[in-house]
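Dropping final.txt in here (compact mmCIF, C-alpha atoms):
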# COMPACT_ATOMS: atom_id res chain seq x y z
CA MET M 665 140.96 144.80 123.79
CA ARG M 666 141.76 141.48 125.44
CA VAL M 667 142.71 138.67 123.05
CA LEU M 668 141.36 135.24 123.94
CA PRO M 669 143.66 132.21 123.60
CA SER M 670 141.42 130.79 120.88
CA ASP M 671 141.81 134.01 118.87
CA ARG M 672 145.58 133.98 118.92
CA PRO M 673 147.10 132.74 115.66
CA MET M 674 148.82 129.40 115.83
CA PRO M 675 152.54 129.51 115.03
CA GLY M 676 153.31 128.52 111.46
CA ARG M 677 149.67 128.92 110.27
CA ASN M 678 148.02 131.82 108.51
CA ASP M 679 144.57 133.00 109.44
CA GLY M 680 143.20 131.90 106.07
CA ASP M 681 144.39 128.26 106.35
CA PRO M 682 141.68 125.66 107.09
CA LEU M 683 141.57 124.02 110.49
CA PRO M 684 143.04 120.51 110.65
CA ASP M 685 140.58 117.64 110.50
CA SER M 686 139.88 116.28 113.97
CA HIS M 687 139.54 112.72 112.65
CA ALA M 688 143.20 112.75 111.62
CA GLU M 689 144.21 112.52 115.26
CA LEU M 690 142.33 109.23 115.79
CA PRO M 691 144.44 106.06 115.75
CA PRO M 692 143.90 103.68 112.81
CA VAL M 693 141.45 100.83 113.21
CA ILE M 694 144.09 98.25 112.27
CA ARG M 695 147.69 99.16 112.89
CA ARG M 696 150.42 98.14 110.52
CA THR M 697 151.92 95.71 113.02
CA GLU M 698 148.54 94.05 113.54
CA PHE M 699 148.03 93.74 109.77
CA VAL M 700 151.46 92.17 109.40
CA ALA M 701 150.69 89.76 112.26
CA PHE M 702 147.36 88.75 110.65
CA ALA M 703 149.06 88.27 107.28
CA LEU M 704 151.80 86.10 108.78
CA ALA M 705 149.23 84.05 110.70
CA GLY M 706 147.25 83.54 107.48
CA LEU M 707 150.34 82.46 105.58
CA LEU M 708 151.24 80.07 108.40
CA LEU M 709 147.77 78.48 108.27
CA ILE M 710 147.97 78.14 104.49
CA ALA M 711 151.41 76.52 104.78
CA ILE M 712 150.18 74.08 107.45
CA ALA M 713 147.11 73.16 105.38
CA THR M 714 149.30 72.60 102.31
CA VAL M 715 151.68 70.33 104.22
CA LEU M 716 148.78 68.34 105.68
CA TYR M 717 147.19 67.94 102.26
CA VAL M 718 150.37 66.94 100.45
CA GLY M 719 151.53 64.63 103.27
CA LYS M 720 148.14 62.94 103.74
CA ALA M 721 149.64 59.44 103.59
CA PHE M 722 151.70 60.22 106.70
CA PHE M 723 149.71 62.80 108.66
CA LEU M 724 146.28 61.17 108.37
CA PRO M 725 147.14 57.86 110.11
CA VAL M 726 149.31 59.66 112.69
CA VAL M 727 146.66 62.25 113.59
CA MET M 728 144.01 59.52 113.53
CA ALA M 729 146.12 57.49 115.95
CA PHE M 730 146.71 60.49 118.25
CA VAL M 731 143.02 61.41 118.41
CA THR M 732 141.84 57.82 118.82
CA GLY M 733 144.57 57.11 121.36
CA THR M 734 143.58 60.15 123.42
CA MET M 735 139.99 58.88 123.39
CA LEU M 736 141.07 55.39 124.51
CA ALA M 737 143.67 56.54 127.05
CA PRO M 738 141.20 56.51 129.99
CA ALA M 739 140.49 52.83 129.28
CA ALA M 740 144.22 52.06 129.47
CA SER M 741 144.45 53.97 132.75
CA PHE M 742 141.53 51.91 134.05
CA PHE M 743 143.36 48.64 133.31
CA GLU M 744 146.59 50.06 134.70
CA ARG M 745 144.88 50.72 138.04
CA ARG M 746 143.91 47.02 138.01
CA LYS M 747 147.62 46.06 137.92
CA VAL M 748 147.61 45.36 134.17
CA PRO M 749 150.79 46.60 132.42
CA ARG M 750 150.03 49.62 130.28
CA SER M 751 151.64 48.16 127.15
CA LEU M 752 149.54 45.00 127.49
CA ALA M 753 146.42 47.07 128.14
CA ALA M 754 147.11 49.15 125.03
CA SER M 755 147.47 46.03 122.90
CA LEU M 756 144.27 44.49 124.29
CA ILE M 757 142.28 47.69 123.72
CA VAL M 758 143.48 48.08 120.14
CA ILE M 759 142.81 44.40 119.38
CA ALA M 760 139.30 44.65 120.84
CA VAL M 761 138.50 47.80 118.87
CA THR M 762 139.89 46.25 115.69
CA ALA M 763 137.75 43.15 116.19
CA VAL M 764 134.61 45.26 116.61
CA VAL M 765 135.43 47.30 113.51
CA ALA M 766 136.12 44.12 111.51
CA PHE M 767 132.78 42.66 112.60
CA VAL M 768 130.91 45.79 111.51
CA VAL M 769 132.77 45.89 108.20
CA ALA M 770 131.88 42.23 107.59
CA LEU M 771 128.18 42.98 108.18
CA ILE M 772 128.32 45.84 105.70
CA ALA M 773 130.63 44.33 103.07
CA ALA M 774 128.62 41.17 102.38
CA PRO M 775 125.44 42.87 101.06
CA VAL M 776 127.44 45.62 99.33
CA MET M 777 129.47 43.12 97.32
CA GLU M 778 126.33 41.13 96.51
CA TRP M 779 124.45 44.17 95.28
CA SER M 780 127.42 45.51 93.34
CA THR M 781 127.42 42.38 91.17
CA ARG M 782 123.71 42.90 90.38
CA LEU M 783 123.91 46.56 89.41
CA PRO M 784 122.54 46.19 85.85
CA GLU M 785 119.57 44.14 87.05
CA LEU M 786 118.90 46.47 89.98
CA GLY M 787 119.21 49.50 87.70
CA ALA M 788 116.56 48.13 85.36
CA GLN M 789 114.24 47.40 88.29
CA LEU M 790 114.73 50.86 89.74
CA LYS M 791 114.07 52.48 86.37
CA ASP M 792 110.82 50.54 86.04
CA LYS M 793 109.74 51.61 89.54
CA LEU M 794 110.34 55.27 88.69
CA HIS M 795 108.15 55.28 85.59
CA VAL M 796 105.59 57.35 87.55
CA LEU M 797 108.03 60.25 87.29
CA ASP M 798 107.91 60.23 83.48
CA ARG M 799 104.98 62.65 83.33
CA PRO M 800 106.51 65.25 85.74
CA LEU M 801 109.83 64.98 83.91
CA SER M 802 108.17 65.53 80.53
CA LEU M 803 106.36 68.59 81.91
CA TRP M 804 109.68 69.90 83.21
CA ARG M 805 111.29 69.40 79.80
CA GLU M 806 108.42 71.25 78.12
CA LEU M 807 108.75 74.11 80.60
CA GLN M 808 112.50 74.30 79.97
CA SER M 809 111.98 74.36 76.20
CA MET M 810 109.38 77.14 76.54
CA LEU M 811 111.81 79.19 78.63
CA GLY M 812 114.63 78.62 76.17
CA GLY M 813 116.66 76.36 78.48
CA SER M 814 118.42 73.10 77.79
CA GLU M 815 116.70 70.10 76.31
CA GLY M 816 115.88 68.69 79.69
CA LEU M 817 117.01 66.26 82.30
CA PRO M 818 119.17 63.36 81.15
CA ASN M 819 117.69 59.90 81.09
CA PHE M 820 118.07 57.92 84.29
CA GLN M 821 120.91 55.40 84.13
CA MET M 822 122.53 53.38 86.84
CA PRO M 823 126.30 53.75 87.07
CA LYS M 824 128.40 50.97 85.68
CA VAL M 825 130.22 48.41 87.77
CA GLU M 826 133.52 50.20 87.16
CA TRP M 827 132.74 52.69 89.94
CA VAL M 828 133.02 50.05 92.66
CA GLN M 829 136.80 49.60 92.61
CA PRO M 830 137.68 53.37 92.61
CA THR M 831 135.19 53.94 95.40
CA LEU M 832 136.69 51.20 97.54
CA GLU M 833 140.17 52.56 96.86
CA PHE M 834 139.03 56.02 97.96
CA LEU M 835 137.29 54.82 101.13
CA SER M 836 139.82 52.24 102.29
CA PRO M 837 143.33 53.22 103.38
CA THR M 838 146.39 51.50 102.01
CA PHE M 839 148.11 48.73 103.92
CA THR M 840 151.01 51.04 104.79
CA GLU M 841 148.67 53.69 106.22
CA PHE M 842 146.78 51.09 108.22
CA LEU M 843 150.00 49.60 109.58
CA LEU M 844 151.30 53.05 110.53
CA PHE M 845 148.01 53.84 112.28
CA PHE M 846 147.93 50.51 114.10
CA VAL M 847 151.52 50.70 115.40
CA THR M 848 151.28 54.41 116.29
CA LEU M 849 148.04 53.85 118.16
CA ILE M 850 149.50 51.08 120.34
CA LEU M 851 152.67 53.03 121.10
CA PHE M 852 150.74 56.23 121.77
CA ILE M 853 148.40 54.60 124.29
CA ALA M 854 151.26 52.75 125.95
CA SER M 855 153.43 55.87 126.30
CA TRP M 856 150.72 58.50 126.81
CA ARG M 857 151.53 58.99 130.48
CA ASP M 858 155.23 59.58 129.78
CA LEU M 859 154.39 61.79 126.83
CA ARG M 860 152.13 63.92 129.02
CA ARG M 861 154.89 64.34 131.59
CA ALA M 862 157.41 65.30 128.89
CA MET M 863 155.05 67.90 127.41
CA ILE M 864 154.39 69.42 130.83
CA MET M 865 158.06 69.49 131.86
CA THR M 866 159.02 71.20 128.60
CA PHE M 867 158.08 74.53 130.20
CA SER M 868 160.15 75.96 133.02
CA ASP M 869 157.49 78.33 134.32
CA HIS M 870 155.11 76.94 136.93
CA ASP M 871 152.04 78.68 135.47
CA ALA M 872 152.84 77.36 131.98
CA ARG M 873 153.17 73.82 133.33
CA LEU M 874 149.87 74.12 135.17
CA ARG M 875 148.13 75.46 132.07
CA THR M 876 149.54 72.62 129.94
CA LEU M 877 148.36 70.06 132.48
CA ARG M 878 144.86 71.55 132.46
CA ILE M 879 144.75 71.57 128.65
CA LEU M 880 145.85 67.93 128.38
CA ASN M 881 143.43 66.79 131.08
CA GLU M 882 140.54 68.63 129.48
CA ILE M 883 141.33 67.29 126.01
CA GLU M 884 141.54 63.73 127.33
CA VAL M 885 138.31 63.99 129.30
CA HIS M 886 136.33 65.69 126.55
CA LEU M 887 137.50 63.40 123.75
CA GLY M 888 136.89 60.33 125.90
CA ASN M 889 133.39 61.50 126.79
CA TYR M 890 132.72 62.38 123.16
CA LEU M 891 133.78 58.93 121.93
CA LEU M 892 131.76 57.11 124.59
CA THR M 893 128.56 59.11 124.18
CA VAL M 894 128.66 59.24 120.38
CA THR M 895 129.41 55.51 120.16
CA LEU M 896 126.47 54.65 122.43
CA ILE M 897 124.17 56.98 120.51
CA ASN M 898 125.25 55.54 117.17
CA ILE M 899 124.76 51.99 118.43
CA GLY M 900 121.24 53.01 119.39
CA VAL M 901 120.69 54.49 115.94
CA GLY M 902 122.00 51.29 114.34
CA VAL M 903 119.75 49.08 116.46
CA GLY M 904 116.77 51.33 115.75
CA THR M 905 117.50 51.29 112.02
CA GLY M 906 117.83 47.50 112.05
CA LEU M 907 114.46 47.17 113.80
CA ILE M 908 112.86 49.57 111.33
CA CYS M 909 114.24 47.58 108.41
CA ALA M 910 113.11 44.29 109.94
CA LEU M 911 109.58 45.58 110.63
CA THR M 912 109.20 47.06 107.16
CA GLY M 913 110.53 43.96 105.41
CA MET M 914 113.78 45.44 104.10
CA PRO M 915 116.49 42.97 103.03
CA ASN M 916 119.47 42.41 105.35
CA PRO M 917 118.34 44.57 108.30
CA ALA M 918 121.50 43.73 110.29
CA GLY M 919 123.79 45.06 107.56
CA LEU M 920 121.69 48.21 107.10
CA GLY M 921 121.70 48.81 110.85
CA ALA M 922 125.48 48.42 111.00
CA LEU M 923 125.83 50.81 108.04
CA ALA M 924 123.60 53.36 109.77
CA ALA M 925 125.64 53.18 112.99
CA THR M 926 128.89 53.59 111.04
CA LEU M 927 127.73 56.48 108.86
CA ASN M 928 126.28 58.29 111.86
CA PHE M 929 129.85 58.93 113.09
CA ILE M 930 130.11 61.43 110.21
CA PRO M 931 128.00 64.51 111.07
CA ILE M 932 125.37 65.71 108.59
CA ILE M 933 126.69 63.69 105.64
CA GLY M 934 126.29 60.28 107.28
CA PRO M 935 122.52 60.41 108.00
CA VAL M 936 121.83 61.93 104.57
CA ALA M 937 123.81 59.17 102.84
CA MET M 938 122.00 56.51 104.88
CA PHE M 939 118.63 58.01 103.96
CA VAL M 940 119.56 57.80 100.26
CA VAL M 941 120.69 54.19 100.70
CA LEU M 942 117.38 53.24 102.34
CA VAL M 943 115.43 54.97 99.57
CA VAL M 944 117.30 53.09 96.82
CA VAL M 945 117.14 49.72 98.60
CA GLY M 946 113.46 50.20 99.40
CA LEU M 947 112.54 51.13 95.83
CA VAL M 948 114.33 48.05 94.52
CA ALA M 949 113.02 45.63 97.17
CA PHE M 950 109.34 46.64 97.21
CA PRO M 951 106.81 46.61 94.36
CA THR M 952 105.40 50.06 95.18
CA ILE M 953 107.08 53.39 95.82
CA SER M 954 105.10 54.00 98.99
CA GLY M 955 106.25 50.70 100.45
CA GLY M 956 109.83 51.37 99.46
CA LEU M 957 109.87 54.76 101.21
CA MET M 958 108.53 53.51 104.55
CA ALA M 959 111.91 52.56 106.03
CA ALA M 960 113.59 55.74 104.79
CA LEU M 961 110.88 57.98 106.25
CA ALA M 962 110.99 56.13 109.58
CA PHE M 963 114.79 56.50 109.61
CA GLY M 964 114.39 60.21 108.92
CA GLY M 965 112.14 60.53 111.96
CA LEU M 966 114.61 58.55 114.08
CA THR M 967 117.57 60.73 113.08
CA PHE M 968 115.50 63.89 113.65
CA LEU M 969 114.77 62.82 117.23
CA GLU M 970 118.40 61.78 117.74
CA GLY M 971 119.88 64.98 116.35
CA HIS M 972 117.52 67.50 117.95
CA PHE M 973 116.63 65.93 121.30
CA ILE M 974 118.61 62.82 122.30
CA THR M 975 122.16 63.87 121.42
CA PRO M 976 121.94 67.45 122.83
CA THR M 977 120.44 66.10 126.06
CA ILE M 978 123.08 63.39 126.56
CA ILE M 979 126.12 65.36 125.44
CA GLY M 980 125.05 68.54 127.22
CA ARG M 981 126.14 72.09 126.71
CA ARG M 982 129.81 71.46 127.46
CA LEU M 983 130.31 69.26 124.42
CA ALA M 984 127.66 70.95 122.29
CA LEU M 985 129.21 72.49 119.18
CA ASN M 986 128.00 75.35 117.04
CA ALA M 987 126.21 74.02 113.94
CA LEU M 988 128.04 76.40 111.60
CA ALA M 989 131.42 75.49 113.11
CA VAL M 990 130.61 71.77 112.74
CA LEU M 991 129.61 72.27 109.10
CA LEU M 992 132.74 74.27 108.21
CA ALA M 993 135.03 71.82 110.03
CA LEU M 994 133.30 68.91 108.31
CA ALA M 995 133.68 70.50 104.87
CA PHE M 996 137.32 71.42 105.45
CA TRP M 997 138.55 68.10 106.81
CA THR M 998 136.51 66.10 104.28
CA TRP M 999 138.15 68.11 101.49
CA MET M 1000 141.52 67.65 103.18
CA TRP M 1001 141.48 63.95 104.07
CA GLY M 1002 138.28 62.41 102.72
CA PRO M 1003 135.97 60.19 104.85
CA MET M 1004 138.51 59.80 107.65
CA GLY M 1005 138.83 63.56 107.79
CA ALA M 1006 135.06 63.80 108.16
CA PHE M 1007 135.26 61.43 111.13
CA LEU M 1008 138.02 63.53 112.70
CA SER M 1009 136.29 66.89 112.13
CA SER M 1010 134.33 67.01 115.40
CA PRO M 1011 137.17 65.75 117.67
CA LEU M 1012 139.61 68.21 116.09
CA LEU M 1013 137.05 70.99 116.53
CA ILE M 1014 136.75 70.10 120.22
CA VAL M 1015 140.54 70.25 120.61
CA ALA M 1016 140.66 73.61 118.83
CA LEU M 1017 137.96 75.07 121.11
CA ILE M 1018 139.76 73.84 124.23
CA LEU M 1019 143.04 75.39 123.05
CA LYS M 1020 141.20 78.64 122.30
CA GLU M 1021 139.72 78.80 125.81
CA HIS M 1022 143.06 78.28 127.54
CA LEU M 1023 145.51 80.12 125.27
CA LEU M 1024 143.59 83.30 124.51
CA PRO M 1025 143.78 85.96 127.24
CA ALA M 1026 140.84 86.02 129.60
CA ASP M 1027 140.82 89.84 129.78
CA SER M 1028 140.11 90.30 126.07
CA PRO M 1029 138.00 93.37 125.28
CA GLN M 1030 134.26 92.84 125.37
CA LEU M 1031 131.63 94.38 123.17
CA PRO M 1032 129.73 97.30 124.72
CA GLN M 1033 126.36 96.54 126.16
CA GLY M 1034 123.64 97.68 123.80
For this file, write the structure as structure tokens.
Amino acid sequence: MRVLPSDRPMPGRNDGDPLPDSHAELPPVIRRTEFVAFALAGLLLIAIATVLYVGKAFFLPVVMAFVTGTMLAPAASFFERRKVPRSLAASLIVIAVTAVVAFVVALIAAPVMEWSTRLPELGAQLKDKLHVLDRPLSLWRELQSMLGGSEGLPNFQMPKVEWVQPTLEFLSPTFTEFLLFFVTLILFIASWRDLRRAMIMTFSDHDARLRTLRILNEIEVHLGNYLLTVTLINIGVGVGTGLICALTGMPNPAGLGALAATLNFIPIIGPVAMFVVLVVVGLVAFPTISGGLMAALAFGGLTFLEGHFITPTIIGRRLALNALAVLLALAFWTWMWGPMGAFLSSPLLIVALILKEHLLPADSPQLPQG
């Protein structure tokens, strides 16, 4: 009888032994070298985050100067083409920006300092305006007691004046940080062209130099466009908020408009904080709750139009960022560096996306069509 190849016993195996599992021949999903690479990359990111957090006093003004200088570099190039020395152009740009920021801060600081000295009086007025909520709060307390919960919500109290100084210390940088930012910004703008050339010539390979040039050009263009468009949009939001406050009879509409334009540079958190400010100011300034909420509700409609229609249309798809990525970047950099980190979250996210597009291989495996 003829013996088929499949019937022949395999060398070193008895006929009663089970067949080997076919899945054992498949390669592992994650190889050991890939796992080690992922672990080392994770440790590197943790180390970088730790250094940035611990060295905030140094890294925050320097990174702030680099990002802001990259945004303002096209303006320096514009003056340089008009035969203005680049160092002089850098100084003029920084002085002009500082003057604008000082003007906005002056508009905001005057009413804030005035209201901070009247906190007890304003707290009593606000508590009287919210007496209509006593009945719902009592019902909530009764419901909590029936369900076996806590005694209820605490009584409403305005914070004491002592919060003002710690808040200002948290929001405002120290003189050393400001001086480091100011000097670094001027030197960065003045030497940006030479710095670009040095970064490109660091590589000996022609393709690497070309890729570095493309990355730097794209970062400069995108950050410059982002600063210009966002600044114009926020100025529009500030003007619109000032008009809303003036039409509704809110106190100090110019200061509230400047505050709205400033807070709108911080994604998500800024408009929410401004809405709360308008609610509190309106409830204190007007005799009725409905009148006090008019400006806040109108501001909510304005920011809804700006966030869902105006900004996406002006910025376009190229600068449009994923909402989840914006939220995670905002949370991370706010935790890392506070309000200034929140301002830097979107520009740093743009830089990270540009680096990802150019540094990751273009022939990466694609998901199967399904």
Quiz prompt | Neighbour list for stretch 937-945 of chain M as an MDAnalysis selection string, cut-off 8 Å, all atoms listed in the file, skip fewer than 5 positions in-chain | solution = chainID M and resid 790 914 923:924 927 956:957 959:960 963:964
I'd like a table as JSON lines: residues in stretch 711-784 of chain M with an atom no more than 10 Å from stretch 855-865 of chain M, each row giving the shortest atom pair and its distance in Å to one decimal, all atoms listed in the file counted, sorted by chain and rising residue number.
{"residue": "M:Phe730", "atom": "CA", "partner": "M:Trp856", "partner_atom": "CA", "distance": 9.7}
{"residue": "M:Gly733", "atom": "CA", "partner": "M:Trp856", "partner_atom": "CA", "distance": 8.3}
{"residue": "M:Thr734", "atom": "CA", "partner": "M:Trp856", "partner_atom": "CA", "distance": 8.1}
{"residue": "M:Ala737", "atom": "CA", "partner": "M:Trp856", "partner_atom": "CA", "distance": 7.3}
{"residue": "M:Ala740", "atom": "CA", "partner": "M:Trp856", "partner_atom": "CA", "distance": 9.5}
{"residue": "M:Ser741", "atom": "CA", "partner": "M:Arg857", "partner_atom": "CA", "distance": 9.0}
{"residue": "M:Arg750", "atom": "CA", "partner": "M:Ser855", "partner_atom": "CA", "distance": 8.2}
{"residue": "M:Ser751", "atom": "CA", "partner": "M:Ser855", "partner_atom": "CA", "distance": 8.0}
{"residue": "M:Ala754", "atom": "CA", "partner": "M:Ser855", "partner_atom": "CA", "distance": 9.3}
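All residues that come within 9 Å of the coordinates (125.6, 53.7, 113.2), counting only C-alpha atoms, are given as M:Thr895, M:Ile897, M:Asn898, M:Ile899, M:Gly900, M:Val901, M:Gly902, M:Val903, M:Thr905, M:Gly921, M:Ala922, M:Leu923, M:Ala924, M:Ala925, M:Thr926, M:Leu927, M:Asn928, M:Phe929, M:Gly934.
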Those residues with C-alpha atoms, as an mmCIF file, keeping the file's coordinate frame please?
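Produced file part09.cif, reproduced below:
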data_model
loop_
_atom_site.group_PDB
_atom_site.id
_atom_site.type_symbol
_atom_site.label_atom_id
_atom_site.label_comp_id
_atom_site.auth_asym_id
_atom_site.auth_seq_id
_atom_site.Cartn_x
_atom_site.Cartn_y
_atom_site.Cartn_z
ATOM 1 C CA THR M 895 129.410 55.510 120.160
ATOM 2 C CA ILE M 897 124.170 56.980 120.510
ATOM 3 C CA ASN M 898 125.250 55.540 117.170
ATOM 4 C CA ILE M 899 124.760 51.990 118.430
ATOM 5 C CA GLY M 900 121.240 53.010 119.390
ATOM 6 C CA VAL M 901 120.690 54.490 115.940
ATOM 7 C CA GLY M 902 122.000 51.290 114.340
ATOM 8 C CA VAL M 903 119.750 49.080 116.460
ATOM 9 C CA THR M 905 117.500 51.290 112.020
ATOM 10 C CA GLY M 921 121.700 48.810 110.850
ATOM 11 C CA ALA M 922 125.480 48.420 111.000
ATOM 12 C CA LEU M 923 125.830 50.810 108.040
ATOM 13 C CA ALA M 924 123.600 53.360 109.770
ATOM 14 C CA ALA M 925 125.640 53.180 112.990
ATOM 15 C CA THR M 926 128.890 53.590 111.040
ATOM 16 C CA LEU M 927 127.730 56.480 108.860
ATOM 17 C CA ASN M 928 126.280 58.290 111.860
ATOM 18 C CA PHE M 929 129.850 58.930 113.090
ATOM 19 C CA GLY M 934 126.290 60.280 107.280
#
Where's the centre, and what are the edge lengths in Å to one decimal, of a box along x, y and z enclosing all listed atoms of stretch 745-760 of chain M padded 8 Å per side, as JSON?
{"center_x": 145.5, "center_y": 47.6, "center_z": 128.7, "size_x": 28.3, "size_y": 22.3, "size_z": 34.7}
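When all atoms listed in the file are used to compute distances to M:Ser1009, the closest of the residues M:Ile974, M:Phe996, M:Leu704, M:Val758 turns out to be M:Phe996.
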Self-check item: Option closest in space to M:Val885, from M:Gly955, M:Gly719, M:Pro738, M:Gly1002 [counting all atoms listed in the file]
Solution: M:Pro738
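Between atom CA of M:Ser868 and atom CA of M:Leu1023 lies a distance of 17.1 Å.
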Quiz item: M:Val764, M:Val776, M:Gly913, M:Met728: which is nearest M:Ala1006, counting only C-alpha atoms?
Solution: M:Met728
Practice problem: Name the closest residue to M:Ala989 among the candidates M:Pro951, M:Gly888, M:Pro931, M:Gly971; distances are taken between atoms, counting only C-alpha atoms. | Solution: M:Pro931
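In this structure, atom CA of M:Leu994 sits 25.0 Å away from atom CA of M:Leu961.
Distances to M:Ala753 were evaluated for M:Leu1012, M:Ile879, M:Val715, M:Ile850 using only C-alpha atoms, and the minimum falls at M:Ile850.
You will find atom CA of M:Leu843 at 21.1 Å from atom CA of M:Ala773.
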Exercise. Choose the residue, out of M:His870, M:Leu947, M:Thr967, M:Ile772, that has the smallest atom-to-atom separation from M:Asn916; count all atoms listed in the file.
Key: M:Ile772
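Excluding M:Thr840 itself and any same-chain residue fewer than 5 positions from it, the protein and nucleic acid residues within 10 Å of it, counting all atoms listed in the file, are Ala721, Phe722, Pro725, Phe845 and Phe846 of chain M.
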Self-check item: Near-M:Pro775 list (12 Å; only C-alpha atoms; drop same-chain fewer than 4 positions) as an MDAnalysis selection string
Solution: chainID M and resid 769:771 779:782 915:920 922:923 945
